[in-house]
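Colleague: This one is entry08.csv, CSV, N, CA and C atoms and all ligand atoms.
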```csv
chain,number,residue,atom,x,y,z
A,9,MET,N,100.0,96.4,73.5
A,9,MET,CA,100.8,97.6,73.3
A,9,MET,C,100.3,98.7,74.3
A,10,THR,N,99.0,98.9,74.3
A,10,THR,CA,98.4,99.9,75.2
A,10,THR,C,98.7,99.6,76.7
A,11,ASP,N,98.6,98.3,76.9
A,11,ASP,CA,98.8,97.8,78.3
A,11,ASP,C,100.3,98.1,78.7
A,12,GLN,N,101.2,97.9,77.7
A,12,GLN,CA,102.6,98.1,78.0
A,12,GLN,C,102.8,99.6,78.3
A,13,ARG,N,102.1,100.5,77.6
A,13,ARG,CA,102.3,101.9,77.8
A,13,ARG,C,101.7,102.3,79.1
A,14,ASN,N,100.6,101.7,79.5
A,14,ASN,CA,100.0,102.0,80.8
A,14,ASN,C,100.9,101.6,81.9
A,15,THR,N,101.6,100.4,81.7
A,15,THR,CA,102.5,100.0,82.7
A,15,THR,C,103.7,100.9,82.9
A,16,SER,N,104.2,101.4,81.8
A,16,SER,CA,105.4,102.3,81.9
A,16,SER,C,104.9,103.7,82.5
A,17,VAL,N,103.8,104.1,82.2
A,17,VAL,CA,103.2,105.4,82.8
A,17,VAL,C,103.0,105.2,84.3
A,18,ARG,N,102.5,104.0,84.6
A,18,ARG,CA,102.3,103.7,86.0
A,18,ARG,C,103.6,103.7,86.8
A,19,ARG,N,104.6,103.1,86.2
A,19,ARG,CA,105.9,103.0,86.8
A,19,ARG,C,106.5,104.4,87.0
A,20,TRP,N,106.3,105.2,86.0
A,20,TRP,CA,106.9,106.6,86.0
A,20,TRP,C,106.2,107.4,87.2
A,21,LEU,N,104.9,107.2,87.3
A,21,LEU,CA,104.1,107.9,88.3
A,21,LEU,C,104.5,107.4,89.7
A,22,LYS,N,104.8,106.1,89.8
A,22,LYS,CA,105.2,105.5,91.1
A,22,LYS,C,106.6,106.1,91.5
A,23,GLY,N,107.5,106.2,90.5
A,23,GLY,CA,108.8,106.8,90.8
A,23,GLY,C,108.7,108.2,91.3
A,24,LEU,N,107.8,109.0,90.6
A,24,LEU,CA,107.6,110.4,91.0
A,24,LEU,C,107.0,110.4,92.4
A,25,PHE,N,106.1,109.5,92.7
A,25,PHE,CA,105.4,109.5,94.0
A,25,PHE,C,106.4,109.1,95.1
A,26,LEU,N,107.3,108.2,94.8
A,26,LEU,CA,108.3,107.8,95.8
A,26,LEU,C,109.3,108.9,96.1
A,27,LYS,N,109.6,109.7,95.0
A,27,LYS,CA,110.5,110.8,95.2
A,27,LYS,C,109.9,111.8,96.2
A,28,ARG,N,108.6,112.0,95.9
A,28,ARG,CA,107.9,113.0,96.8
A,28,ARG,C,107.8,112.5,98.2
A,29,MET,N,107.7,111.2,98.3
A,29,MET,CA,107.6,110.6,99.6
A,29,MET,C,108.7,111.0,100.6
A,30,HIS,N,109.9,111.3,100.0
A,30,HIS,CA,111.0,111.6,100.9
A,30,HIS,C,110.7,112.9,101.7
A,31,ARG,N,109.9,113.7,101.1
A,31,ARG,CA,109.6,115.0,101.8
A,31,ARG,C,108.4,114.8,102.8
A,32,MET,N,107.9,113.6,102.8
A,32,MET,CA,106.8,113.4,103.7
A,32,MET,C,107.2,113.0,105.1
A,33,ILE,N,106.3,113.0,106.0
A,33,ILE,CA,106.6,112.6,107.4
A,33,ILE,C,106.4,111.1,107.5
A,34,THR,N,107.0,110.4,108.4
A,34,THR,CA,106.8,109.0,108.6
A,34,THR,C,105.5,108.8,109.5
A,35,CYS,N,105.1,107.6,109.7
A,35,CYS,CA,103.9,107.3,110.5
A,35,CYS,C,104.2,107.7,112.0
A,36,THR,N,105.4,107.5,112.4
A,36,THR,CA,105.8,107.8,113.8
A,36,THR,C,105.7,109.3,114.0
A,37,GLN,N,106.2,110.1,113.0
A,37,GLN,CA,106.1,111.5,113.1
A,37,GLN,C,104.7,111.9,113.1
A,38,PHE,N,103.9,111.3,112.3
A,38,PHE,CA,102.5,111.6,112.2
A,38,PHE,C,101.8,111.4,113.6
A,39,GLU,N,102.1,110.3,114.3
A,39,GLU,CA,101.5,110.1,115.6
A,39,GLU,C,101.9,111.2,116.6
A,40,ALA,N,103.2,111.7,116.4
A,40,ALA,CA,103.6,112.7,117.4
A,40,ALA,C,102.9,114.0,117.2
A,41,PHE,N,102.3,114.2,115.9
A,41,PHE,CA,101.7,115.5,115.6
A,41,PHE,C,100.2,115.5,115.8
A,42,VAL,N,99.6,114.3,116.1
A,42,VAL,CA,98.2,114.1,116.1
A,42,VAL,C,97.5,115.1,117.1
A,43,LEU,N,98.0,115.2,118.3
A,43,LEU,CA,97.4,116.1,119.3
A,43,LEU,C,97.4,117.6,118.8
A,44,SER,N,98.6,118.0,118.4
A,44,SER,CA,98.7,119.4,117.9
A,44,SER,C,97.7,119.6,116.7
A,45,TYR,N,97.6,118.6,115.9
A,45,TYR,CA,96.7,118.7,114.7
A,45,TYR,C,95.3,118.9,115.1
A,46,LEU,N,94.9,118.1,116.1
A,46,LEU,CA,93.5,118.1,116.5
A,46,LEU,C,93.2,119.4,117.3
A,47,ASP,N,94.2,119.9,118.0
A,47,ASP,CA,94.0,121.2,118.7
A,47,ASP,C,94.2,122.4,117.8
A,48,GLY,N,94.4,122.2,116.5
A,48,GLY,CA,94.6,123.3,115.5
A,48,GLY,C,95.8,124.1,115.8
A,49,GLU,N,96.9,123.4,116.3
A,49,GLU,CA,98.1,124.2,116.7
A,49,GLU,C,99.2,124.0,115.7
A,50,LEU,N,99.0,123.2,114.6
A,50,LEU,CA,100.0,123.0,113.6
A,50,LEU,C,100.1,124.2,112.7
A,51,PRO,N,101.3,124.7,112.4
A,51,PRO,CA,101.5,125.7,111.4
A,51,PRO,C,101.0,125.2,110.0
A,52,ALA,N,100.6,126.1,109.2
A,52,ALA,CA,99.9,125.8,107.9
A,52,ALA,C,100.8,124.7,107.1
A,53,ARG,N,102.1,124.9,107.0
A,53,ARG,CA,102.9,124.1,106.2
A,53,ARG,C,102.9,122.7,106.8
A,54,GLN,N,103.1,122.6,108.1
A,54,GLN,CA,103.1,121.2,108.8
A,54,GLN,C,101.8,120.6,108.6
A,55,ARG,N,100.7,121.4,108.7
A,55,ARG,CA,99.4,120.8,108.6
A,55,ARG,C,99.2,120.2,107.2
A,56,SER,N,99.7,120.9,106.2
A,56,SER,CA,99.4,120.4,104.8
A,56,SER,C,100.3,119.1,104.6
A,57,VAL,N,101.4,119.0,105.2
A,57,VAL,CA,102.2,117.8,105.1
A,57,VAL,C,101.5,116.6,105.9
A,58,PHE,N,101.0,117.0,107.0
A,58,PHE,CA,100.2,116.1,107.9
A,58,PHE,C,99.0,115.5,107.1
A,59,GLU,N,98.3,116.4,106.5
A,59,GLU,CA,97.1,116.0,105.8
A,59,GLU,C,97.4,115.2,104.5
A,60,TRP,N,98.5,115.5,103.9
A,60,TRP,CA,99.0,114.8,102.7
A,60,TRP,C,99.3,113.3,103.1
A,61,HIS,N,99.9,113.2,104.3
A,61,HIS,CA,100.2,111.8,104.8
A,61,HIS,C,98.9,111.1,105.1
A,62,LEU,N,98.0,111.8,105.7
A,62,LEU,CA,96.7,111.3,106.0
A,62,LEU,C,95.9,110.8,104.8
A,63,ARG,N,96.1,111.5,103.7
A,63,ARG,CA,95.4,111.1,102.4
A,63,ARG,C,96.0,109.8,101.9
A,64,LEU,N,97.3,109.6,102.1
A,64,LEU,CA,98.0,108.5,101.5
A,64,LEU,C,98.1,107.2,102.4
A,65,CYS,N,97.9,107.4,103.7
A,65,CYS,CA,98.2,106.3,104.6
A,65,CYS,C,97.0,105.9,105.3
A,66,ARG,N,96.5,104.7,105.0
A,66,ARG,CA,95.3,104.2,105.6
A,66,ARG,C,95.5,103.9,107.1
A,67,GLU,N,96.7,103.4,107.5
A,67,GLU,CA,96.9,103.1,108.9
A,67,GLU,C,96.8,104.4,109.8
A,68,CYS,N,97.3,105.5,109.2
A,68,CYS,CA,97.3,106.7,110.0
A,68,CYS,C,95.8,107.3,110.0
A,69,ARG,N,95.1,107.1,109.0
A,69,ARG,CA,93.7,107.5,109.0
A,69,ARG,C,92.9,106.7,110.1
A,70,ASP,N,93.2,105.4,110.1
A,70,ASP,CA,92.6,104.6,111.2
A,70,ASP,C,93.0,105.0,112.6
A,71,TYR,N,94.3,105.3,112.7
A,71,TYR,CA,94.9,105.8,113.9
A,71,TYR,C,94.2,107.1,114.4
A,72,LEU,N,94.1,108.0,113.5
A,72,LEU,CA,93.4,109.3,113.8
A,72,LEU,C,92.0,109.1,114.2
A,73,ALA,N,91.3,108.2,113.5
A,73,ALA,CA,89.9,107.9,113.8
A,73,ALA,C,89.8,107.3,115.2
A,74,ALA,N,90.7,106.4,115.5
A,74,ALA,CA,90.7,105.8,116.8
A,74,ALA,C,91.0,106.8,117.9
A,75,TYR,N,91.9,107.7,117.6
A,75,TYR,CA,92.4,108.7,118.5
A,75,TYR,C,91.2,109.6,118.9
A,76,LYS,N,90.4,110.0,117.8
A,76,LYS,CA,89.3,110.9,118.0
A,76,LYS,C,88.2,110.2,118.9
A,77,ARG,N,88.0,108.9,118.5
A,77,ARG,CA,87.0,108.1,119.3
A,77,ARG,C,87.4,108.1,120.8
A,78,THR,N,88.7,107.9,121.0
A,78,THR,CA,89.2,107.8,122.4
A,78,THR,C,88.9,109.1,123.2
A,79,ILE,N,89.2,110.2,122.5
A,79,ILE,CA,88.9,111.6,123.1
A,79,ILE,C,87.4,111.7,123.4
A,80,GLU,N,86.6,111.3,122.4
A,80,GLU,CA,85.1,111.5,122.6
A,80,GLU,C,84.7,110.6,123.8
A,81,LEU,N,85.2,109.4,123.8
A,81,LEU,CA,84.9,108.5,124.9
A,81,LEU,C,85.3,109.1,126.3
A,82,GLY,N,86.5,109.6,126.3
A,82,GLY,CA,86.9,110.3,127.5
A,82,GLY,C,86.0,111.4,128.0
A,83,ARG,N,85.6,112.2,127.0
A,83,ARG,CA,84.7,113.3,127.3
A,83,ARG,C,83.3,112.8,127.8
A,84,ALA,N,82.9,111.7,127.2
A,84,ALA,CA,81.6,111.1,127.6
A,84,ALA,C,81.6,110.6,129.0
A,85,VAL,N,82.8,110.0,129.4
A,85,VAL,CA,83.0,109.5,130.7
A,85,VAL,C,83.2,110.6,131.7
A,86,LEU,N,84.0,111.5,131.4
A,86,LEU,CA,84.4,112.6,132.4
A,86,LEU,C,83.4,113.8,132.4
A,87,GLY,N,82.6,113.8,131.3
A,87,GLY,CA,81.7,115.0,131.2
A,87,GLY,C,82.4,116.1,130.5
A,88,PRO,N,81.7,117.2,130.2
A,88,PRO,CA,82.3,118.3,129.5
A,88,PRO,C,83.2,119.1,130.4
A,89,ALA,N,84.3,119.7,129.9
A,89,ALA,CA,85.2,120.5,130.7
A,89,ALA,C,84.4,121.7,131.2
A,90,ASP,N,84.5,121.9,132.5
A,90,ASP,CA,83.8,122.9,133.2
A,90,ASP,C,84.7,123.6,134.1
A,91,ASP,N,85.0,124.9,133.9
A,91,ASP,CA,86.0,125.6,134.7
A,91,ASP,C,85.3,126.3,135.9
A,92,SER,N,84.0,126.3,135.9
A,92,SER,CA,83.3,127.0,137.0
A,92,SER,C,83.5,126.2,138.3
A,93,VAL,N,83.6,127.0,139.4
A,93,VAL,CA,83.8,126.4,140.7
A,93,VAL,C,82.5,126.1,141.4
A,94,PRO,N,82.2,124.9,141.9
A,94,PRO,CA,81.0,124.6,142.6
A,94,PRO,C,80.9,125.6,143.9
A,95,GLU,N,79.7,125.9,144.3
A,95,GLU,CA,79.5,126.9,145.3
A,95,GLU,C,80.0,126.4,146.7
A,96,ASP,N,80.0,125.1,146.9
A,96,ASP,CA,80.3,124.5,148.2
A,96,ASP,C,81.8,124.3,148.4
A,97,VAL,N,82.7,124.8,147.5
A,97,VAL,CA,84.1,124.7,147.7
A,97,VAL,C,84.6,125.8,148.6
A,98,PRO,N,85.4,125.5,149.6
A,98,PRO,CA,85.9,126.6,150.5
A,98,PRO,C,86.7,127.6,149.8
A,99,GLU,N,86.5,128.8,150.2
A,99,GLU,CA,87.2,130.0,149.5
A,99,GLU,C,88.8,129.8,149.6
A,100,ASP,N,89.3,129.3,150.7
A,100,ASP,CA,90.7,129.1,151.0
A,100,ASP,C,91.3,128.1,149.9
A,101,LEU,N,90.5,127.0,149.6
A,101,LEU,CA,90.9,126.0,148.7
A,101,LEU,C,91.1,126.6,147.3
A,102,VAL,N,90.0,127.4,146.9
A,102,VAL,CA,90.1,128.0,145.6
A,102,VAL,C,91.3,129.0,145.5
A,103,LYS,N,91.5,129.7,146.5
A,103,LYS,CA,92.7,130.6,146.5
A,103,LYS,C,94.0,129.9,146.4
A,104,ALA,N,94.1,128.8,147.2
A,104,ALA,CA,95.3,128.0,147.2
A,104,ALA,C,95.6,127.4,145.7
A,105,ILE,N,94.5,126.9,145.1
A,105,ILE,CA,94.7,126.4,143.7
A,105,ILE,C,95.1,127.5,142.8
A,106,LEU,N,94.4,128.6,142.9
A,106,LEU,CA,94.8,129.7,142.0
A,106,LEU,C,96.2,130.2,142.2
A,107,ASP,N,96.6,130.2,143.4
A,107,ASP,CA,98.0,130.6,143.7
A,107,ASP,C,99.0,129.6,143.1
A,108,ALA,N,98.7,128.3,143.3
A,108,ALA,CA,99.6,127.3,142.8
A,108,ALA,C,99.7,127.4,141.2
A,109,ARG,N,98.5,127.7,140.6
A,109,ARG,CA,98.5,127.8,139.1
A,109,ARG,C,99.4,129.0,138.6
A,110,GLY,N,99.3,130.1,139.4
A,110,GLY,CA,100.1,131.3,139.1
A,110,GLY,C,101.6,131.1,139.2
A,111,ARG,N,102.0,130.1,139.9
A,111,ARG,CA,103.5,129.9,140.1
A,111,ARG,C,104.2,129.4,138.9
B,201,ZN,ZN,101.1,106.7,108.2
```
What do you get writing this file as structure tokens?
Modeller:
Amino acid sequence: MTDQRNTSVRRWLKGLFLKRMHRMITCTQFEAFVLSYLDGELPARQRSVFEWHLRLCRECRDYLAAYKRTIELGRAVLGPADDSVPEDVPEDLVKAILDARGR
């Protein structure tokens, strides 16, 4: 009897859960937002939808972890981002790059 009640409660919860799922993003959409999420550029509402998906989807948790590892690996290989210009770079070259950036 108790088992039967548990089963119907579980079924009801599952139905509720699946209804809410429609408002969620898909795994493909999740992947498209990963970079913005990591850069802290997602608006609060999108971020909460994103994090909700993250809580429920193991594949996307693994994907995000792998993504972060890839970024860390890239940083380790390329070194930290450094915007300062080495002293032996010709002044003309620096000026040309800055001009090109400004365009
Ligand atoms: Zn997912």
Colleague: Per residue of chain A within 7 Å of ligand ZN 201 (chain B), which atom pair is closest and at what distance in Å (one decimal), using only C-alpha atoms and all ligand atoms, listed by chain and increasing number, as a tab-separated table?
Modeller:
```
residue	atom	partner	partner_atom	distance
A:Thr34	CA	B:ZN201	ZN	6.2
A:Cys35	CA	B:ZN201	ZN	3.7
A:Phe38	CA	B:ZN201	ZN	6.5
A:His61	CA	B:ZN201	ZN	6.2
A:Leu62	CA	B:ZN201	ZN	6.7
A:Cys65	CA	B:ZN201	ZN	4.6
A:Arg66	CA	B:ZN201	ZN	6.8
A:Glu67	CA	B:ZN201	ZN	5.6
A:Cys68	CA	B:ZN201	ZN	4.2
```
Colleague: By how many Å are CA of Val17 in chain A and CA of Leu64 in chain A apart?
Modeller: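 Between CA of Val17 in chain A and CA of Leu64 in chain A the gap works out to 19.7 Å.
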Colleague: Just list as a count of residues only whatever in chain A DSSP marks as helix (DSSP H, G or I).
Modeller: 78
Colleague: What's around Gln54 in chain A at 10 Å? Count only C-alpha atoms, leave out sequence neighbours fewer than 4 positions away in its own chain, and write the answer as number ranges by chain.
Modeller: A: 33, 41, 45, 49-50, 58-60
Colleague: Please, what distance in Å, to one decimal, runs between CA of Asp70 in chain A and atom C of Val85 in chain A?
Modeller: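 Separating CA of Asp70 in chain A from atom C of Val85 in chain A is a distance of 23.3 Å.
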Colleague: Between CA of Tyr75 in chain A and CA of Gln37 in chain A, measure the distance and give it in Å to one decimal.
Modeller: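 Pair CA of Tyr75 in chain A / CA of Gln37 in chain A returns 15.0 Å.
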Colleague: Pick the closest to Glu39 in chain A from A:Pro94, A:Leu72, A:Glu80, A:Leu86: which is it, counting only C-alpha atoms?
Modeller: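 Using only C-alpha atoms, the shortest distance to Glu39 in chain A belongs to A:Leu72.
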